[in-house]
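Asks: This is the structure I want to talk about, given as structure tokens.
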Amino acid sequence: MNHKPKNIKLTIEYDGTRYHGWQSQAGTGARTIQETVELAINRLTGEYVKILSSGRTDAGVHAFGHVASFKTECPIPSGAWAPALNHLLPNDIRVLSSESVADDFHARYSARGKIYAYKILNRYQPTALHRDYAWHVHRRLNLRTIRLAASALIGKHDFSAFRGSGCNARSPVRIVRSVVVKRRGDIIEIWIEADAFLKYMMRNIVGTLVEVGLGRFKPQDVHQLLVTRDRTKAGRTAPPQGLYLIKVLYE
């Protein structure tokens, strides 16, 4: 008996340390989140499905709320996919929720924004526990100048100065809705909400803000970078292990 195809939305949490990012890299032997989840679905149902993702994350990047969707004829109730898949997935990937959504829902194209956070361990001593989960910056960072610089990012801008090479986005223009910089003990967190992000945009912004915090750039230099759109003048690309996809926003 054929069942009407359902569109299932998954919200996924993962530790990206052991993976070469989200996107499947068939034929390379590289382990990815996408192919690991697709394999679990195949083991559960016998179906070969292609998951639609809210975006790509780089190797080593983590997620609290990555969203993916796929169509299936399997009669498993929509809410039962999460626990069923968790029995088959490795313990560094967890499906937090599963639900049935409209046929025209697309994990990427239906999204209206994303929230990313970046963690910096800001102390002199190196770390044993945070090495895969934060960027260790051993010199003290000036949060006041970082916040001043970050305020220039809010609004609609051409983010070419923070765009990674090989980015295939049609336009470099993005709308940053908020930037929050906070310190808790030795950990500094930078949270950014935007309508969408360019390739490496978050990591390039963080790398530049760290240069401001170290006194190598002035706070006003960030505004100037937005104007000149010159990637070569911006800061380094922050390493991937400090980056977390917090939430994908939908209507």
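Lettering and numbering for the structure tokens are positional, with chains as A, B, ... in the shown order, residues counted from 1 in each chain, and ligands counted from 1 in the shown order.
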Near segment 83-93 of chain A, within 10 Å and counting only C-alpha atoms, which residues show up once chain neighbours fewer than 3 positions away are dropped, as a list of chain:residue names?
Replies: A:Ile12, A:Glu13, A:Tyr14, A:Asp15, A:Gly16, A:Thr17, A:Arg18, A:Tyr19, A:Ile33, A:Thr36, A:Val37, A:Glu38, A:Leu39, A:Ala40, A:Ile41, A:Arg43, A:Leu44, A:His62, A:Ala63, A:Ile76, A:Gly79, A:Ala80, A:Leu96, A:Ser97, A:Ser98
Asks: Could the residues in this selection be saved with C-alpha atoms as an mmCIF file, in the first residue's frame?
Replies:
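So the final result, stored in part.cif, reads:
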```
data_model
loop_
_atom_site.group_PDB
_atom_site.id
_atom_site.type_symbol
_atom_site.label_atom_id
_atom_site.label_comp_id
_atom_site.auth_asym_id
_atom_site.auth_seq_id
_atom_site.Cartn_x
_atom_site.Cartn_y
_atom_site.Cartn_z
ATOM 1 C CA ILE A 12 19.363 18.408 14.775
ATOM 2 C CA GLU A 13 22.037 19.008 17.398
ATOM 3 C CA TYR A 14 25.588 17.852 16.713
ATOM 4 C CA ASP A 15 29.188 18.009 17.780
ATOM 5 C CA GLY A 16 31.014 18.641 14.514
ATOM 6 C CA THR A 17 34.486 17.636 15.752
ATOM 7 C CA ARG A 18 34.642 14.280 13.947
ATOM 8 C CA TYR A 19 32.913 15.437 10.745
ATOM 9 C CA ILE A 33 26.574 14.947 9.117
ATOM 10 C CA THR A 36 25.292 9.998 8.500
ATOM 11 C CA VAL A 37 21.652 11.101 8.931
ATOM 12 C CA GLU A 38 20.678 9.855 5.457
ATOM 13 C CA LEU A 39 22.210 6.463 6.243
ATOM 14 C CA ALA A 40 20.196 6.270 9.480
ATOM 15 C CA ILE A 41 16.985 7.038 7.547
ATOM 16 C CA ARG A 43 18.475 1.798 7.820
ATOM 17 C CA LEU A 44 15.158 2.731 9.393
ATOM 18 C CA HIS A 62 28.776 22.554 15.905
ATOM 19 C CA ALA A 63 24.995 23.021 15.971
ATOM 20 C CA ILE A 76 6.143 6.337 10.793
ATOM 21 C CA GLY A 79 6.900 12.790 16.035
ATOM 22 C CA ALA A 80 8.392 9.299 16.183
ATOM 23 C CA LEU A 96 15.869 17.037 18.934
ATOM 24 C CA SER A 97 12.479 17.070 17.227
ATOM 25 C CA SER A 98 10.649 15.804 14.151
#
```
Asks: As a ChimeraX atom specification, list the residues of segment 29-153 of chain A assigned to helix (DSSP H, G or I) by DSSP on the backbone atoms of this structure.
Replies: /A:33-45,78-86,143-153
Asks: Write the residues of the preceding selection, restricted to C-alpha atoms, as a PDB file, in the first residue's frame.
Replies:
```pdb
ATOM      1  CA  ILE A  33      26.574  14.947   9.117  1.00  0.00           C
ATOM      2  CA  GLN A  34      24.262  14.775   6.087  1.00  0.00           C
ATOM      3  CA  GLU A  35      25.349  11.350   4.922  1.00  0.00           C
ATOM      4  CA  THR A  36      25.292   9.998   8.500  1.00  0.00           C
ATOM      5  CA  VAL A  37      21.652  11.101   8.931  1.00  0.00           C
ATOM      6  CA  GLU A  38      20.678   9.855   5.457  1.00  0.00           C
ATOM      7  CA  LEU A  39      22.210   6.463   6.243  1.00  0.00           C
ATOM      8  CA  ALA A  40      20.196   6.270   9.480  1.00  0.00           C
ATOM      9  CA  ILE A  41      16.985   7.038   7.547  1.00  0.00           C
ATOM     10  CA  ASN A  42      17.864   4.314   5.041  1.00  0.00           C
ATOM     11  CA  ARG A  43      18.475   1.798   7.820  1.00  0.00           C
ATOM     12  CA  LEU A  44      15.158   2.731   9.393  1.00  0.00           C
ATOM     13  CA  THR A  45      12.959   2.703   6.283  1.00  0.00           C
ATOM     14  CA  SER A  78       5.992  12.441  12.356  1.00  0.00           C
ATOM     15  CA  GLY A  79       6.900  12.790  16.035  1.00  0.00           C
ATOM     16  CA  ALA A  80       8.392   9.299  16.183  1.00  0.00           C
ATOM     17  CA  TRP A  81      11.199   9.995  13.702  1.00  0.00           C
ATOM     18  CA  ALA A  82      13.355  11.736  16.337  1.00  0.00           C
ATOM     19  CA  PRO A  83      13.550   8.856  18.849  1.00  0.00           C
ATOM     20  CA  ALA A  84      13.737   6.245  16.075  1.00  0.00           C
ATOM     21  CA  LEU A  85      16.684   7.952  14.369  1.00  0.00           C
ATOM     22  CA  ASN A  86      18.460   8.591  17.661  1.00  0.00           C
ATOM     23  CA  LEU A 143      35.314  44.035  25.018  1.00  0.00           C
ATOM     24  CA  ARG A 144      34.496  47.749  24.907  1.00  0.00           C
ATOM     25  CA  THR A 145      36.263  48.241  21.566  1.00  0.00           C
ATOM     26  CA  ILE A 146      34.857  44.961  20.203  1.00  0.00           C
ATOM     27  CA  ARG A 147      31.302  46.115  20.997  1.00  0.00           C
ATOM     28  CA  LEU A 148      31.941  49.506  19.399  1.00  0.00           C
ATOM     29  CA  ALA A 149      33.216  47.825  16.228  1.00  0.00           C
ATOM     30  CA  ALA A 150      30.389  45.257  16.164  1.00  0.00           C
ATOM     31  CA  SER A 151      27.711  47.958  16.217  1.00  0.00           C
ATOM     32  CA  ALA A 152      28.755  48.967  12.675  1.00  0.00           C
ATOM     33  CA  LEU A 153      27.648  45.555  11.394  1.00  0.00           C
TER      34      LEU A 153
END
```
Asks: Near Trp135 of chain A, within 8 Å and counting only C-alpha atoms, which residues show up once chain neighbours fewer than 2 positions away are dropped, as a PyMOL selection string?
Replies: chain A and resi 119-121+131+133+137+238-239+241-242
Asks: Filtering to C-alpha atoms, could you give me those residues as an mmCIF file, in the first residue's frame?
Replies:
```
data_model
loop_
_atom_site.group_PDB
_atom_site.id
_atom_site.type_symbol
_atom_site.label_atom_id
_atom_site.label_comp_id
_atom_site.auth_asym_id
_atom_site.auth_seq_id
_atom_site.Cartn_x
_atom_site.Cartn_y
_atom_site.Cartn_z
ATOM 1 C CA LYS A 119 33.017 31.073 21.606
ATOM 2 C CA ILE A 120 36.477 32.419 22.440
ATOM 3 C CA LEU A 121 38.501 31.133 25.394
ATOM 4 C CA ARG A 131 40.232 22.731 22.426
ATOM 5 C CA TYR A 133 34.799 23.923 21.294
ATOM 6 C CA VAL A 137 43.131 33.673 22.313
ATOM 7 C CA ALA A 238 38.517 32.430 12.976
ATOM 8 C CA PRO A 239 38.937 28.645 13.380
ATOM 9 C CA GLN A 241 35.654 24.836 16.385
ATOM 10 C CA GLY A 242 34.351 27.961 18.135
#
```
Asks: Choose the residue, out of A:Gly166, A:Pro172, A:Gly215, A:Gly21, that has the smallest atom-to-atom separation from Phe197 of chain A; count only C-alpha atoms.
Replies: A:Pro172
Asks: Would you please work out which residue, of A:Arg229, A:Gly185, A:Val180, A:Tyr250, is nearest to Val206 of chain A when using only C-alpha atoms?
Replies: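 Smallest distance to Val206 of chain A is found for A:Val180.
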Asks: Give me the residues of segment 111-137 of chain A that have any atom at most 12 Å from an atom of segment 245-248 of chain A; for each, the nearest atom pair and the distance in Å, rounded to one decimal. Use only C-alpha atoms, sort by chain and number, and format it as CSV.
Replies:
```
residue,atom,partner,partner_atom,distance
A:Ala111,CA,A:Val248,CA,6.6
A:Arg112,CA,A:Val248,CA,7.8
A:Gly113,CA,A:Val248,CA,6.1
A:Lys114,CA,A:Val248,CA,4.5
A:Ile115,CA,A:Lys247,CA,5.2
A:Tyr116,CA,A:Leu245,CA,4.7
A:Ala117,CA,A:Ile246,CA,6.6
A:Tyr118,CA,A:Leu245,CA,8.9
A:Lys119,CA,A:Leu245,CA,11.5
```
Asks: To one decimal place, how far is atom CA of Ile8 of chain A from atom CA of Val49 of chain A in Å?
Replies: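 These two atoms are separated by 11.4 Å.
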Asks: Provide the atom CA of Ala134 of chain A to atom CA of Arg203 of chain A distance in Å, to one decimal place.
Replies: 12.1 Å
